[in-house]
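Just start.tsv here, TSV, C-alpha atoms:
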```
chain	number	residue	atom	x	y	z
A	1	MET	CA	66.27	114.42	55.66
A	2	GLU	CA	69.22	112.18	56.35
A	3	LEU	CA	70.78	111.89	59.74
A	4	GLU	CA	74.12	113.30	58.51
A	5	ALA	CA	72.58	116.52	57.25
A	6	LEU	CA	70.56	116.99	60.43
A	7	LYS	CA	73.71	116.51	62.46
A	8	TYR	CA	75.47	119.35	60.68
A	9	ILE	CA	72.42	121.58	61.02
A	10	GLY	CA	72.40	120.83	64.75
A	11	VAL	CA	76.06	121.75	65.06
A	12	GLY	CA	75.42	125.06	63.34
A	13	LEU	CA	72.48	125.85	65.62
A	14	THR	CA	74.49	125.01	68.74
A	15	SER	CA	77.24	127.41	67.74
A	16	ILE	CA	74.80	130.34	67.90
A	17	ALA	CA	75.05	130.05	71.68
A	18	MET	CA	78.56	131.53	71.65
A	19	PHE	CA	76.92	134.86	70.82
A	20	GLY	CA	75.78	135.07	74.43
A	21	ALA	CA	79.31	134.52	75.70
A	22	ALA	CA	80.65	137.25	73.41
A	23	MET	CA	78.00	139.71	74.64
A	24	GLY	CA	78.81	138.88	78.25
A	25	ILE	CA	82.54	139.42	77.82
A	26	GLY	CA	81.90	142.67	75.95
A	27	ASN	CA	79.77	143.87	78.86
A	28	ILE	CA	82.44	142.98	81.41
A	29	PHE	CA	85.21	144.83	79.63
A	30	ALA	CA	82.97	147.81	78.88
A	31	ALA	CA	82.36	148.09	82.62
A	32	LEU	CA	86.11	147.70	83.19
A	33	LEU	CA	86.98	150.58	80.86
A	34	SER	CA	84.28	152.75	82.39
A	35	GLY	CA	85.57	151.96	85.87
A	36	ILE	CA	89.18	152.77	84.94
A	37	ALA	CA	88.04	156.03	83.39
A	38	ARG	CA	86.28	157.05	86.60
A	39	ASN	CA	89.00	155.95	89.00
A	40	PRO	CA	92.37	155.29	87.39
A	41	SER	CA	93.99	154.33	90.70
A	42	ALA	CA	91.79	151.22	91.00
A	43	GLU	CA	93.09	149.79	87.74
A	44	ASP	CA	94.88	146.76	89.23
A	45	LYS	CA	91.95	145.54	91.29
A	46	LEU	CA	89.53	146.05	88.44
A	47	MET	CA	91.76	144.16	86.00
A	48	LYS	CA	91.94	141.16	88.32
A	49	GLY	CA	88.18	140.96	88.73
A	50	ALA	CA	87.64	141.56	85.01
A	51	PHE	CA	89.79	138.63	83.99
A	52	ILE	CA	88.12	136.31	86.47
A	53	GLY	CA	84.69	137.41	85.22
A	54	ALA	CA	85.80	136.98	81.63
A	55	GLY	CA	86.98	133.45	82.40
A	56	LEU	CA	83.64	132.57	83.95
A	57	ALA	CA	81.64	134.07	81.05
A	58	GLU	CA	83.87	132.42	78.45
A	59	ALA	CA	83.19	129.06	80.06
A	60	MET	CA	79.53	129.27	79.05
A	61	GLY	CA	80.45	129.78	75.43
A	62	LEU	CA	82.87	126.91	75.66
A	63	PHE	CA	80.16	124.61	77.04
A	64	ALA	CA	78.23	125.28	73.81
A	65	PHE	CA	81.39	124.65	71.77
A	66	LEU	CA	81.86	121.35	73.62
A	67	ILE	CA	78.32	120.25	72.75
A	68	ALA	CA	78.95	121.18	69.11
A	69	LEU	CA	82.17	119.13	69.06
A	70	LEU	CA	80.45	116.19	70.71
A	71	LEU	CA	77.69	116.30	68.09
A	72	LEU	CA	80.11	116.66	65.22
A	73	PHE	CA	82.65	113.99	66.00
A	74	PHE	CA	80.90	111.54	68.27
A	75	ALA	CA	77.48	111.43	66.60
B	1	MET	CA	90.00	113.54	56.40
B	2	LEU	CA	92.32	115.49	58.66
B	3	ASN	CA	90.81	115.16	62.09
B	4	PRO	CA	91.66	118.01	64.49
B	5	LEU	CA	90.63	115.86	67.45
B	6	GLU	CA	93.29	113.25	66.78
B	7	GLN	CA	95.83	115.09	68.94
B	8	PHE	CA	93.86	114.19	72.08
B	9	LEU	CA	94.15	110.43	71.61
B	10	VAL	CA	96.13	108.58	74.25
B	11	LYS	CA	98.65	106.47	72.35
B	12	PRO	CA	100.83	103.77	73.91
B	13	VAL	CA	104.55	104.25	73.53
B	14	VAL	CA	105.90	101.22	75.36
B	15	ASN	CA	104.01	97.95	75.71
B	16	VAL	CA	105.21	95.46	78.30
B	17	ASP	CA	103.59	92.08	78.87
B	18	VAL	CA	103.78	90.92	82.48
B	19	PHE	CA	101.97	87.71	83.54
B	20	SER	CA	99.48	88.01	80.65
B	21	HIS	CA	98.57	91.58	81.67
B	22	SER	CA	99.94	94.28	79.41
B	23	ILE	CA	101.30	97.38	81.04
B	24	GLN	CA	101.43	100.36	78.73
B	25	ILE	CA	103.42	103.54	79.00
B	26	THR	CA	101.46	106.11	77.00
B	27	ASN	CA	102.20	109.65	75.91
B	28	SER	CA	99.90	110.69	78.76
B	29	THR	CA	102.16	108.91	81.29
B	30	ILE	CA	105.28	110.59	79.95
B	31	THR	CA	103.64	114.03	80.06
B	32	PHE	CA	102.46	113.54	83.65
B	33	LEU	CA	105.97	112.46	84.66
B	34	ALA	CA	107.50	115.47	82.89
B	35	THR	CA	105.03	117.82	84.63
B	36	TYR	CA	105.86	116.29	88.00
B	37	LEU	CA	109.61	116.59	87.40
B	38	ILE	CA	109.33	120.22	86.30
B	39	ILE	CA	107.31	121.16	89.39
B	40	LEU	CA	109.76	119.26	91.61
B	41	LEU	CA	112.79	120.95	90.03
B	42	LEU	CA	111.27	124.43	90.20
B	43	THR	CA	110.23	124.25	93.82
B	44	ARG	CA	113.41	122.50	94.99
B	45	ILE	CA	115.78	124.89	93.29
B	46	ALA	CA	113.75	127.87	94.52
B	47	CYS	CA	114.18	126.74	98.13
B	48	HIS	CA	117.74	125.44	97.80
B	49	LYS	CA	120.00	128.20	99.10
B	50	VAL	CA	117.61	130.78	100.48
B	51	SER	CA	119.22	134.20	100.65
B	52	LEU	CA	117.81	137.58	101.62
B	53	VAL	CA	118.51	138.98	98.17
B	54	PRO	CA	116.89	136.38	95.94
B	55	GLY	CA	118.51	134.86	92.89
B	56	LYS	CA	116.49	134.29	89.74
B	57	ILE	CA	114.64	131.07	90.49
B	58	GLN	CA	114.11	132.00	94.11
B	59	ALA	CA	112.51	135.23	92.87
B	60	CYS	CA	110.15	133.18	90.70
B	61	GLY	CA	109.23	131.04	93.69
B	62	GLU	CA	108.60	134.13	95.80
B	63	VAL	CA	106.43	135.74	93.12
B	64	ILE	CA	104.22	132.67	92.81
B	65	PHE	CA	104.08	132.31	96.60
B	66	GLN	CA	102.98	135.90	97.05
B	67	LEU	CA	100.45	135.64	94.25
B	68	ILE	CA	98.75	132.58	95.73
B	69	ASN	CA	99.02	133.80	99.30
B	70	GLY	CA	97.57	137.23	98.48
B	71	MET	CA	94.74	135.67	96.53
B	72	LEU	CA	93.97	133.21	99.29
B	73	ILE	CA	93.94	135.78	102.11
B	74	SER	CA	92.02	138.42	100.17
B	75	THR	CA	89.35	135.92	99.08
B	76	ALA	CA	89.00	133.60	102.05
B	77	GLY	CA	89.92	135.65	105.10
B	78	LYS	CA	92.77	135.55	107.57
B	79	ASN	CA	92.47	132.03	108.98
B	80	SER	CA	92.56	130.32	105.60
B	81	GLN	CA	96.37	130.30	105.63
B	82	LYS	CA	96.48	126.60	106.51
B	83	PHE	CA	94.95	125.69	103.15
B	84	PHE	CA	97.82	127.30	101.28
B	85	THR	CA	99.43	124.02	100.20
B	86	LEU	CA	96.17	122.82	98.64
B	87	ILE	CA	95.74	125.92	96.50
B	88	PHE	CA	99.44	126.06	95.65
B	89	SER	CA	99.53	122.43	94.48
B	90	LEU	CA	96.42	122.88	92.36
B	91	PHE	CA	97.74	126.07	90.81
B	92	MET	CA	101.21	124.67	90.03
B	93	PHE	CA	99.86	121.44	88.59
B	94	ILE	CA	97.35	123.12	86.27
B	95	LEU	CA	99.80	125.87	85.29
B	96	ILE	CA	102.63	123.52	84.33
B	97	SER	CA	100.27	121.00	82.67
B	98	ASN	CA	98.67	123.67	80.51
B	99	SER	CA	102.00	125.28	79.65
B	100	VAL	CA	103.69	121.98	78.77
B	101	GLY	CA	100.75	121.24	76.47
B	102	MET	CA	101.54	124.38	74.47
B	103	ILE	CA	104.83	122.87	73.27
B	104	PRO	CA	104.16	121.50	69.77
B	105	SER	CA	103.26	117.80	69.62
B	106	VAL	CA	103.27	117.39	73.41
B	107	PHE	CA	100.13	115.86	74.85
B	108	THR	CA	97.91	118.21	76.89
B	109	THR	CA	96.87	116.29	79.98
B	110	THR	CA	94.33	118.79	81.28
B	111	SER	CA	92.33	118.60	78.06
B	112	HIS	CA	90.83	115.32	79.20
B	113	ILE	CA	87.72	115.38	81.36
B	114	SER	CA	89.12	112.44	83.34
B	115	VAL	CA	91.99	114.59	84.64
B	116	THR	CA	90.07	117.79	85.28
B	117	PHE	CA	87.07	116.02	86.78
B	118	THR	CA	89.37	114.28	89.23
B	119	LEU	CA	90.75	117.65	90.32
B	120	ALA	CA	87.30	119.22	90.51
B	121	ILE	CA	85.63	116.40	92.44
B	122	PHE	CA	88.60	116.34	94.81
B	123	VAL	CA	88.18	120.07	95.47
B	124	PHE	CA	84.40	119.66	95.86
B	125	ILE	CA	84.60	116.81	98.38
B	126	THR	CA	87.38	118.57	100.33
B	127	ILE	CA	85.47	121.81	100.62
B	128	THR	CA	82.19	120.10	101.54
B	129	ALA	CA	84.04	118.14	104.22
B	130	ILE	CA	85.70	121.32	105.52
B	131	GLY	CA	82.29	123.01	105.63
B	132	PHE	CA	80.68	120.21	107.60
B	133	VAL	CA	83.60	119.78	109.98
B	134	LYS	CA	83.80	123.48	110.76
B	135	ASN	CA	80.10	124.36	110.86
B	136	GLY	CA	78.34	121.09	111.62
B	137	ILE	CA	74.79	120.92	110.35
B	138	GLY	CA	74.77	124.71	109.96
B	139	TYR	CA	76.66	124.31	106.69
B	140	PHE	CA	73.26	123.99	104.99
B	141	SER	CA	72.71	127.69	105.62
B	142	ILE	CA	74.81	128.56	102.57
B	143	LEU	CA	71.84	127.34	100.53
B	144	LEU	CA	69.76	130.29	101.74
B	145	PRO	CA	71.34	133.67	100.95
B	146	LYS	CA	70.87	136.44	103.47
B	147	GLY	CA	67.77	138.55	103.31
B	148	THR	CA	65.52	136.42	101.15
B	149	PRO	CA	61.82	136.60	101.99
B	150	MET	CA	60.62	133.47	103.75
B	151	PHE	CA	57.95	132.50	101.25
B	152	LEU	CA	60.62	132.06	98.57
B	153	ALA	CA	62.80	129.87	100.83
B	154	PRO	CA	61.88	126.36	99.55
B	155	LEU	CA	62.32	127.36	95.92
B	156	ILE	CA	65.60	129.17	96.61
B	157	ILE	CA	67.01	126.23	98.57
B	158	PHE	CA	66.14	123.87	95.72
B	159	ILE	CA	67.77	126.08	93.10
B	160	GLU	CA	70.84	126.83	95.23
B	161	LEU	CA	71.32	123.11	95.86
B	162	PHE	CA	71.62	122.46	92.16
B	163	ALA	CA	73.92	125.45	91.72
B	164	TYR	CA	76.09	123.99	94.50
B	165	LEU	CA	76.14	120.56	92.87
B	166	ALA	CA	77.01	122.12	89.51
B	167	ARG	CA	80.29	123.49	90.90
B	168	PRO	CA	82.57	120.49	90.16
B	169	ILE	CA	80.97	120.06	86.73
B	170	SER	CA	81.54	123.69	85.78
B	171	LEU	CA	85.09	123.71	87.17
B	172	SER	CA	86.11	120.61	85.26
B	173	ILE	CA	84.39	121.42	81.98
B	174	ARG	CA	85.69	124.99	81.99
B	175	LEU	CA	89.30	123.82	82.12
B	176	ALA	CA	88.92	120.87	79.73
B	177	ALA	CA	86.87	122.79	77.16
B	178	ASN	CA	89.26	125.76	77.20
B	179	MET	CA	92.23	123.51	76.51
B	180	THR	CA	90.41	121.40	73.90
B	181	ALA	CA	88.95	124.37	72.04
B	182	GLY	CA	92.27	126.20	71.95
B	183	HIS	CA	94.18	123.26	70.56
B	184	VAL	CA	91.48	122.38	68.02
B	185	VAL	CA	91.47	125.93	66.67
B	186	LEU	CA	95.27	125.90	66.39
B	187	LYS	CA	95.19	122.59	64.51
B	188	VAL	CA	92.49	123.78	62.08
B	189	LEU	CA	94.44	126.97	61.37
B	190	ALA	CA	97.59	124.91	60.81
B	191	THR	CA	95.67	122.87	58.23
B	192	PHE	CA	94.72	126.12	56.47
B	193	VAL	CA	98.37	127.16	56.39
B	194	ILE	CA	99.39	123.93	54.66
B	195	LEU	CA	96.45	123.88	52.25
B	196	SER	CA	96.96	127.51	51.18
B	197	GLY	CA	100.38	126.78	49.73
B	198	LEU	CA	101.97	130.04	48.71
B	199	PHE	CA	99.39	132.28	50.38
B	200	GLY	CA	99.96	130.48	53.64
B	201	ILE	CA	101.57	133.57	55.16
B	202	MET	CA	98.18	134.99	56.21
B	203	PRO	CA	96.96	132.03	58.26
B	204	LEU	CA	100.49	131.78	59.63
B	205	ILE	CA	100.34	135.29	61.11
B	206	LEU	CA	96.94	134.53	62.62
B	207	LEU	CA	98.33	131.24	63.94
B	208	THR	CA	101.16	133.07	65.69
B	209	ILE	CA	98.82	135.57	67.31
B	210	LEU	CA	96.42	132.82	68.38
B	211	THR	CA	99.26	130.78	69.87
B	212	GLY	CA	100.23	133.78	71.98
B	213	PHE	CA	96.60	134.17	73.06
B	214	GLU	CA	96.45	130.47	73.87
B	215	ILE	CA	99.50	130.71	76.16
B	216	PHE	CA	97.77	133.59	77.97
B	217	ILE	CA	94.57	131.55	78.30
B	218	SER	CA	96.41	128.52	79.68
B	219	ILE	CA	98.00	130.61	82.47
B	220	LEU	CA	94.71	132.42	83.13
B	221	GLN	CA	92.75	129.17	83.45
B	222	ALA	CA	95.11	127.96	86.17
B	223	TYR	CA	94.54	131.23	88.03
B	224	ILE	CA	90.74	131.03	87.58
B	225	PHE	CA	90.61	127.46	88.91
B	226	SER	CA	92.56	128.52	92.00
B	227	VAL	CA	90.49	131.68	92.54
B	228	LEU	CA	87.23	129.73	92.33
B	229	THR	CA	88.55	127.17	94.79
B	230	CYS	CA	89.43	130.02	97.18
B	231	ALA	CA	85.93	131.50	96.74
B	232	TYR	CA	84.32	128.13	97.56
B	233	LEU	CA	86.65	127.82	100.53
B	234	ASN	CA	85.48	131.24	101.71
B	235	ASP	CA	81.90	129.96	101.44
B	236	ALA	CA	82.77	126.97	103.59
B	237	LEU	CA	84.85	128.75	106.22
B	238	ASN	CA	82.89	131.96	106.65
B	239	LEU	CA	79.24	131.23	105.83
B	240	HIS	CA	78.10	134.08	103.57
```

Can I see the file as structure tokens?
Amino acid sequence: MELEALKYIGVGLTSIAMFGAAMGIGNIFAALLSGIARNPSAEDKLMKGAFIGAGLAEAMGLFAFLIALLLLFFA
Amino acid sequence: MLNPLEQFLVKPVVNVDVFSHSIQITNSTITFLATYLIILLLTRIACHKVSLVPGKIQACGEVIFQLINGMLISTAGKNSQKFFTLIFSLFMFILISNSVGMIPSVFTTTSHISVTFTLAIFVFITITAIGFVKNGIGYFSILLPKGTPMFLAPLIIFIELFAYLARPISLSIRLAANMTAGHVVLKVLATFVILSGLFGIMPLILLTILTGFEIFISILQAYIFSVLTCAYLNDALNLH
């Protein structure tokens, strides 16, 4: 196969990694909702921690996106 | 082909030739200067005529002060107050840089790894130095978490060392990739709006919602950078 086609296939395969990031963020916010349901007075603290955790988990998905962009536009 | 990455190019605006060296003023320079002036104006006006009942900009200054101070003390303990200026400067710079980049056709400075890696390596070297100055050679004990069985110790130290060295890389790439990805997605959607012609109302609604989400992300990323710096500071000041 030509190099161009393999490049695009590689980009597509790399993008599968964002699935992990989506699962992680879903887990974090599921725990957040469960925690708010058990103890509504702790909502503020839980929200703060949830957003920090979501930022950290999202970063992993964005690392994969960065690799895909690097492959796509800079060979 | 319409290239969504073209918005991140650094383009010279003014080209001056001095003694056969050319000095360029680029769009990056202008954006940095604008960020600096905005931060200067905000903080100066907030502290100008300090009254007990705050006016509008003084209230903004107080809100940001309390946010950073509360985060610093709750994460890093009581005697971390002297590092307040470090965290405040980092937070304000990243916040204003990200927010200024959301204005259409203004260059986003924090989307370049050169900028974010400078911030991250600066934070890393500072915190390592603080750790060694405060704890001497005992700073290496952060590589061994409490209560690990002794036969695992060499492996754990090896792994923790690489996790420690990965901190500046993850800090810098998190910020740069968030900014890059957000702006690329907005540009691609904008291309869809133009190419759809009359049915461009649907990508336009999605573009509006995503722009709002992107503004939220840019503020959140500034907060996450600061919170992680406070957490690393807590590691350095109070081992474990």

Per-residue nearest contacts of chain B to chain A (12 Å; only C-alpha atoms) as CSV:
```
residue,atom,partner,partner_atom,distance
B:Asn3,CA,A:Phe73,CA,9.1
B:Pro4,CA,A:Phe73,CA,10.0
B:Leu5,CA,A:Phe73,CA,8.3
B:Glu6,CA,A:Phe73,CA,10.7
B:Leu67,CA,A:Lys48,CA,11.7
B:Met71,CA,A:Lys48,CA,10.3
B:Ser74,CA,A:Lys45,CA,11.4
B:Thr75,CA,A:Gly49,CA,11.6
B:Ser111,CA,A:Leu66,CA,11.7
B:Ile113,CA,A:Leu66,CA,11.4
B:Arg167,CA,A:Leu56,CA,11.9
B:Ile169,CA,A:Phe63,CA,10.7
B:Ser170,CA,A:Ala59,CA,8.0
B:Leu171,CA,A:Ala59,CA,9.1
B:Ser172,CA,A:Ala59,CA,10.3
B:Ile173,CA,A:Phe63,CA,7.2
B:Arg174,CA,A:Ala59,CA,5.2
B:Leu175,CA,A:Ala59,CA,8.3
B:Ala176,CA,A:Leu66,CA,9.3
B:Ala177,CA,A:Leu62,CA,5.9
B:Asn178,CA,A:Leu62,CA,6.7
B:Met179,CA,A:Leu62,CA,10.0
B:Thr180,CA,A:Leu66,CA,8.6
B:Ala181,CA,A:Leu62,CA,7.5
B:Gly182,CA,A:Leu62,CA,10.1
B:Val184,CA,A:Leu69,CA,9.9
B:Val185,CA,A:Phe65,CA,11.4
B:Phe216,CA,A:Phe51,CA,11.2
B:Ile217,CA,A:Gly55,CA,8.8
B:Ser218,CA,A:Gly55,CA,11.0
B:Ile219,CA,A:Gly55,CA,11.4
B:Leu220,CA,A:Gly55,CA,7.8
B:Gln221,CA,A:Gly55,CA,7.3
B:Ala222,CA,A:Gly55,CA,10.5
B:Tyr223,CA,A:Ile52,CA,8.3
B:Ile224,CA,A:Ile52,CA,6.0
B:Phe225,CA,A:Ile52,CA,9.5
B:Ser226,CA,A:Ile52,CA,10.5
B:Val227,CA,A:Ile52,CA,8.0
B:Leu228,CA,A:Ile52,CA,8.9
B:Ala231,CA,A:Ile52,CA,11.6
```

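Counting from CA of Leu144 (chain B), the distance to CA of Ile157 (chain B) is 5.8 Å.
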
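Note that CA of Phe93 (chain B) and CA of Thr208 (chain B) are 25.7 Å apart.
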
One decimal, in Å: what's the spacing between CA of Gln66 (chain B) and CA of Ala42 (chain A)?
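Between these atoms lies a distance of 19.9 Å.
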
Skipping near chain neighbours, those fewer than 4 positions away, what residues fall within 7 Å of Gln58 (chain B) using only C-alpha atoms, listed as number ranges by chain?
B: 46-47, 54, 62

Taking (72.4, 125.5, 68.3) as a centre in this file's frame and 12 Å as the limit, can you find every polymer residue with an atom that close, using only C-alpha atoms, and give them as a list in words?
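Those within range, by chain then number, are Leu6, Lys7, Tyr8, Ile9, Gly10, Val11, Gly12, Leu13, Thr14, Ser15, Ile16, Ala17, Met18, Phe19, Gly20, Gly61, Phe63, Ala64, Phe65, Leu66, Ile67, Ala68, Leu69 and Leu71 of chain A.
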
Leu233 (chain B): which residues within 10 Å, counting all atoms listed in the file, same-chain residues fewer than 6 positions away excluded, as a VMD selection string?
chain B and resid 72 75 to 77 80 83 123 to 124 126 to 128 130 to 131 227 239

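Residue nearest Thr31 (chain B) within the list B:Lys134, B:Lys187, B:Lys11, B:His240: B:Lys11 [criterion: smallest interatomic distance, all atoms listed in the file].
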
Please identify all polymer residues within 10 Å of Glu43 (chain A), counting all atoms listed in the file, omitting same-chain residues fewer than 6 positions from it, and present them as a VMD selection string.
chain A and resid 32 to 33 35 to 37

Could you pull the residues within 10 Å of Ala34 (chain B), counting all atoms listed in the file, minus those fewer than 4 positions along the same chain, as a count of residues only?
9

Tell me which protein, DNA and RNA residues are within 12 Å of Leu206 (chain B), counting all atoms listed in the file, leaving out same-chain ones fewer than 2 positions away, and put them as a tab-separated table (two decimals) with C-alpha atoms, keeping the file's coordinate frame.
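Result file is selection11.tsv:
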```tsv
chain	number	residue	atom	x	y	z
B	185	VAL	CA	91.47	125.93	66.67
B	186	LEU	CA	95.27	125.90	66.39
B	188	VAL	CA	92.49	123.78	62.08
B	189	LEU	CA	94.44	126.97	61.37
B	190	ALA	CA	97.59	124.91	60.81
B	192	PHE	CA	94.72	126.12	56.47
B	193	VAL	CA	98.37	127.16	56.39
B	200	GLY	CA	99.96	130.48	53.64
B	201	ILE	CA	101.57	133.57	55.16
B	202	MET	CA	98.18	134.99	56.21
B	203	PRO	CA	96.96	132.03	58.26
B	204	LEU	CA	100.49	131.78	59.63
B	208	THR	CA	101.16	133.07	65.69
B	209	ILE	CA	98.82	135.57	67.31
B	210	LEU	CA	96.42	132.82	68.38
B	211	THR	CA	99.26	130.78	69.87
B	212	GLY	CA	100.23	133.78	71.98
B	213	PHE	CA	96.60	134.17	73.06
B	214	GLU	CA	96.45	130.47	73.87
```

Counting all atoms listed in the file, the option among B:Leu119, B:Leu155, B:Val63, B:Ile137 closest to Ser89 (chain B):
B:Leu119
